[in-house]
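Peer 1: Input: one structure, supplied below.
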Amino acid sequence: MINERYREDRERRRLGSLSAFSGPTHSGKTKKLEAEAERAQRQGRRSQRLHGPADANQLLDQLDPAAELVTIDDAQRYDDRLVEILNDLATIHRVDVVVAGWELDYTGQPAGPLPELMCSADFALKLDDGVCAQPGCRNLASRTQRFHAANGTPERFLPVCRRHHTPDARAVSFQEVWFDEPSGSLDLISGCMFSGKTQELIRRLDQARFAGSTIQAFKPALDDRYALEAVASHREVRFPAIAVPDVAALQDQLRDDTRVVGIDEAQFFGPDIVSLVAELADRGRHVIVAGLDLDFLARPFGPMPLLAAYADRLTKLQASCQYPGCGSRQASRTQRLLDGEPAPPDSPLVVIGGAATYEARCRHHHRIGVHARPEPVSIVEESAEL
């Protein structure tokens with residue numbers, strides 16, 4: 001039944017997807033949203049923009065059943081229920097959903113459901129084309145700075161880089177001494193299994209090595225699939241790395257002269273990894289992090305939502321769906337298999353494995369198994385034991 005419905009929807013070119021655009025103010029999020037609606041209009045597809053109620057559940061009351069594209073702006077105004085609602089729209093109702101908003105508020109803290117949406121989305125883009133408000137600054141503007149009202153001008157919000165951002169509202173002038181040290185950055189590479197995350201991490205580390213930078217790469221000690229002392233992709237591409245059991249051990253291994261820090265399989269580290277990489281970037285280090293954004297139940301995995309929010313650059317990779325007959329190149333989910341069948345929800349969260357245990361799946365072919373039924377107890381046997 002599921003396969004027949006999928007074929008029918010594919011013939012009608014209506015499969016459903018979720019796209020998320022995030023970034024600081026003035027970075028072009030709303031323009032991206034409008035561009036998607038204009039493209040749908042040129043294709044003859046009906047689009048609808050949902051807005052108004054702060055309660056995410058009330059958005060469904062506005063939904064046009066014939067809509068094939070739904071857009072939502074200022075998603076930071078909603079609560080976390082928006083994630084489940086938009087996933088249902090894309091997966092069950094087969095609607096293309098495009099959402100935009102701030103992932104960080106002007107104090108630099110995660111805002112609303114955007115961090116989780118960037119993990120759940122099939123396509124996520126963190127816009128960084130804003131120009132830092134500091135005159136002469138060429139750093140990436142990835143934060144929103146609040147400015148005091150002064151000399152008759154109203155309160156303003158402008159995009160600034162990590163170096164020039166402060167949680168408190170400030171005057172127009174900046175502290176020039178902040179430019180005495182190089183500005184660091186945090187890059188996040190996320191996606192499902194077999195999407196090429198580790199290979200992209202290694203490519204960027206190789207680029208930094210050829211440029212003469214001092215590099216250290218780290219991986220969780222529990223990931224021993226391909227190499228013990230190297231970051232290794234499924235295609236056996238490797239880069240020397242230090243295996244550490246936790247974030248504290250990673251911090252102890254860091255050298256003072258290291259300028260580029262690479263971290264693979266970040267989803268296996270605790271929440272302390274977020275504050276550590278943010279601190280390293282604030283101190284001028286270039287930090288590149290890779291990890292699974294969703295677990296096998298399609299839930300945001302560990303610290304990945306916060307890493308997506310605090311990152312200056314986000315690269316979300318997709319794989320080819322491995323479900324027989326699908327052919328979609330928009331796999332964004334990781335399917336765990338147990339004896340060839342989808343693993344039930346009570347399975348352990350962390351199971352280290354490769355192609356025999358996991359597959360890349362699109363959102364329409366990702367499945368969660370059922371709980372194993374307990375075997376009935378024979379009354380005769382039970383009486384005999386007594």
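Chain labels follow the order of the structure tokens: the first chain is A, the next B, and so on; residue numbering restarts at 1 in every chain, and ligands are counted from 1 in their shown order.
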Please identify which residues in region 17-230 of chain A DSSP calls strand (DSSP E) from the backbone, and express them as a PyMOL selection string.
Peer 2: chain A and resi 17-22+47-50+69-72+96-101+123-126+141-147+156-161+185-191+215-220+230
Peer 1: What's around Pro344 (chain A) at 7 Å? Count only C-alpha atoms, leave out sequence neighbours fewer than 3 positions away in its own chain, and write the answer as a list in words.
Peer 2: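 Contacts, with the query itself left out: Ser347, Ile368, Gly369, Val370 and His371 of chain A.
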Peer 1: Please produce a file of the residues just selected, as a CSV table (one decimal), in the first residue's frame, where the atoms kept are N, CA and C atoms.
Peer 2:
```
chain,number,residue,atom,x,y,z
A,347,SER,N,15.0,0.1,20.8
A,347,SER,CA,16.4,-0.3,20.6
A,347,SER,C,17.3,0.7,21.2
A,368,ILE,N,10.1,3.1,11.3
A,368,ILE,CA,10.4,2.7,12.7
A,368,ILE,C,9.7,1.4,13.0
A,369,GLY,N,10.4,0.4,13.4
A,369,GLY,CA,9.8,-0.9,13.6
A,369,GLY,C,8.9,-1.0,14.8
A,370,VAL,N,8.2,-2.1,14.9
A,370,VAL,CA,7.2,-2.3,16.0
A,370,VAL,C,7.9,-3.1,17.1
A,371,HIS,N,7.4,-2.9,18.3
A,371,HIS,CA,7.9,-3.7,19.4
A,371,HIS,C,7.7,-5.2,19.2
```
Peer 1: Write out as a VMD selection string the residues lying within 9 Å of region 152-167 of chain A, counting only C-alpha atoms and excluding same-chain residues fewer than 6 positions away.
Peer 2: chain A and resid 24 to 27 106 to 109 130 to 134 137 to 146 174 to 175 178 to 179 182 to 185 281 to 282 284 312
Peer 1: Taking the DSSP secondary structure from the backbone, can you list the residues of region 61-210 of chain A that are helix (DSSP H, G or I), as an MDAnalysis selection string?
Peer 2: chainID A and resid 61:62 75:77 81:91 114:120 176:180 197:210
Peer 1: Can you tell me, as an NGL selection string, what residues are no more than 12 Å from Ala248 (chain A) when counting only C-alpha atoms, ignoring any on the same chain fewer than 6 positions away?
Peer 2: :A and (220 or 254 or 269-273 or 275-276)
Peer 1: Selection from above, C-alpha atoms, as a short mmCIF file (atom, residue, chain, number, x, y, z; two decimals), in the first residue's frame, can you write it?
Peer 2:
```cif
data_model
loop_
_atom_site.label_atom_id
_atom_site.label_comp_id
_atom_site.auth_asym_id
_atom_site.auth_seq_id
_atom_site.Cartn_x
_atom_site.Cartn_y
_atom_site.Cartn_z
CA PRO A 220 34.89 9.68 20.02
CA LEU A 254 44.31 20.51 22.73
CA PHE A 269 29.71 13.80 22.71
CA GLY A 270 27.83 15.35 25.62
CA PRO A 271 26.29 18.84 25.67
CA ASP A 272 29.61 20.29 26.88
CA ILE A 273 30.89 20.04 23.30
CA SER A 275 30.33 25.45 24.87
CA LEU A 276 33.82 24.13 24.08
#
```
Peer 1: Could you give me, as a tab-separated table, every region 99-161 of chain A residue with an atom at most 9 Å from region 317-339 of chain A, plus its closest atom pair and distance in Å to one decimal, counting only C-alpha atoms, rows ordered by chain then number?
Peer 2:
```
residue	atom	partner	partner_atom	distance
A:Ser120	CA	A:Ser332	CA	8.2
A:Ala121	CA	A:Ser332	CA	7.8
A:Asp122	CA	A:Ser332	CA	5.5
A:Phe123	CA	A:Gln318	CA	8.2
```
Peer 1: Just the selected residues (C-alpha atoms), exported as a compact mmCIF listing (two decimals), in the first residue's frame, please.
Peer 2:
```txt
# COMPACT_ATOMS: atom_id res chain seq x y z
CA SER A 120 14.82 17.72 10.72
CA ALA A 121 14.82 19.55 7.38
CA ASP A 122 15.71 17.75 4.17
CA PHE A 123 17.46 20.91 3.00
```
Peer 1: If you count only C-alpha atoms, which residues fall within 6 Å of region 59-76 of chain A, apart from same-chain ones fewer than 2 positions away, as a ChimeraX atom specification?
Peer 2: /A:46-50,56-57,78,95-102,111-112
Peer 1: Please produce an output containing C-alpha atoms for each residue in the selection, written as a PDB file, in the first residue's frame.
Peer 2:
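After the write, result.pdb holds the following:
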```
ATOM      1  CA  ARG A  46      -0.488  26.321  -5.692  1.00  0.00           C
ATOM      2  CA  SER A  47       1.394  27.940  -2.807  1.00  0.00           C
ATOM      3  CA  GLN A  48       0.176  29.306   0.497  1.00  0.00           C
ATOM      4  CA  ARG A  49       1.850  31.450   3.124  1.00  0.00           C
ATOM      5  CA  LEU A  50       0.853  30.619   6.683  1.00  0.00           C
ATOM      6  CA  ALA A  56       1.672  26.295  15.902  1.00  0.00           C
ATOM      7  CA  ASN A  57      -1.377  24.013  16.094  1.00  0.00           C
ATOM      8  CA  TYR A  78       6.635  29.545  17.487  1.00  0.00           C
ATOM      9  CA  VAL A  95       3.432  19.140   0.956  1.00  0.00           C
ATOM     10  CA  ASP A  96       6.653  21.054   0.258  1.00  0.00           C
ATOM     11  CA  VAL A  97       7.267  23.201   3.327  1.00  0.00           C
ATOM     12  CA  VAL A  98       9.700  26.134   3.384  1.00  0.00           C
ATOM     13  CA  VAL A  99      10.388  27.870   6.686  1.00  0.00           C
ATOM     14  CA  ALA A 100      12.637  30.818   7.580  1.00  0.00           C
ATOM     15  CA  GLY A 101      13.685  32.581  10.759  1.00  0.00           C
ATOM     16  CA  TRP A 102      16.383  33.413  13.285  1.00  0.00           C
ATOM     17  CA  ALA A 111      15.642  31.046  19.231  1.00  0.00           C
ATOM     18  CA  GLY A 112      12.477  28.962  19.069  1.00  0.00           C
TER      19      GLY A 112
END
```
Peer 1: Please indicate the distance in Å from CA of Asp293 (chain A) to CA of Gly191 (chain A), rounded to one decimal place.
Peer 2: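 Interatomic distance here is 5.7 Å.
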Peer 1: Nearest to His286 (chain A) among A:Ala298, A:Ile215, A:Val244, A:Leu314, with distances taken over only C-alpha atoms: which residue is it?
Peer 2: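 That would be A:Ile215, the residue with the smallest distance to His286 (chain A).
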Peer 1: Measuring between only C-alpha atoms, which one of A:Arg170, A:Arg39, A:Arg363, A:Arg259 shows the shortest distance to Leu205 (chain A)?
Peer 2: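 Checking each of A:Arg170, A:Arg39, A:Arg363, A:Arg259 against Leu205 (chain A), counting only C-alpha atoms, the winner is A:Arg259.
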Peer 1: Of the residues A:Asp223, A:Leu18, A:Glu116, A:Leu104, which is the one nearest to Asp80 (chain A), using only C-alpha atoms?
Peer 2: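 Answer, going by the shortest atom-to-atom distance: A:Glu116.
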Peer 1: Distance CA of Ala249 (chain A)-CA of Gln267 (chain A), one decimal place?
Peer 2: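 So the answer is 16.1 Å.
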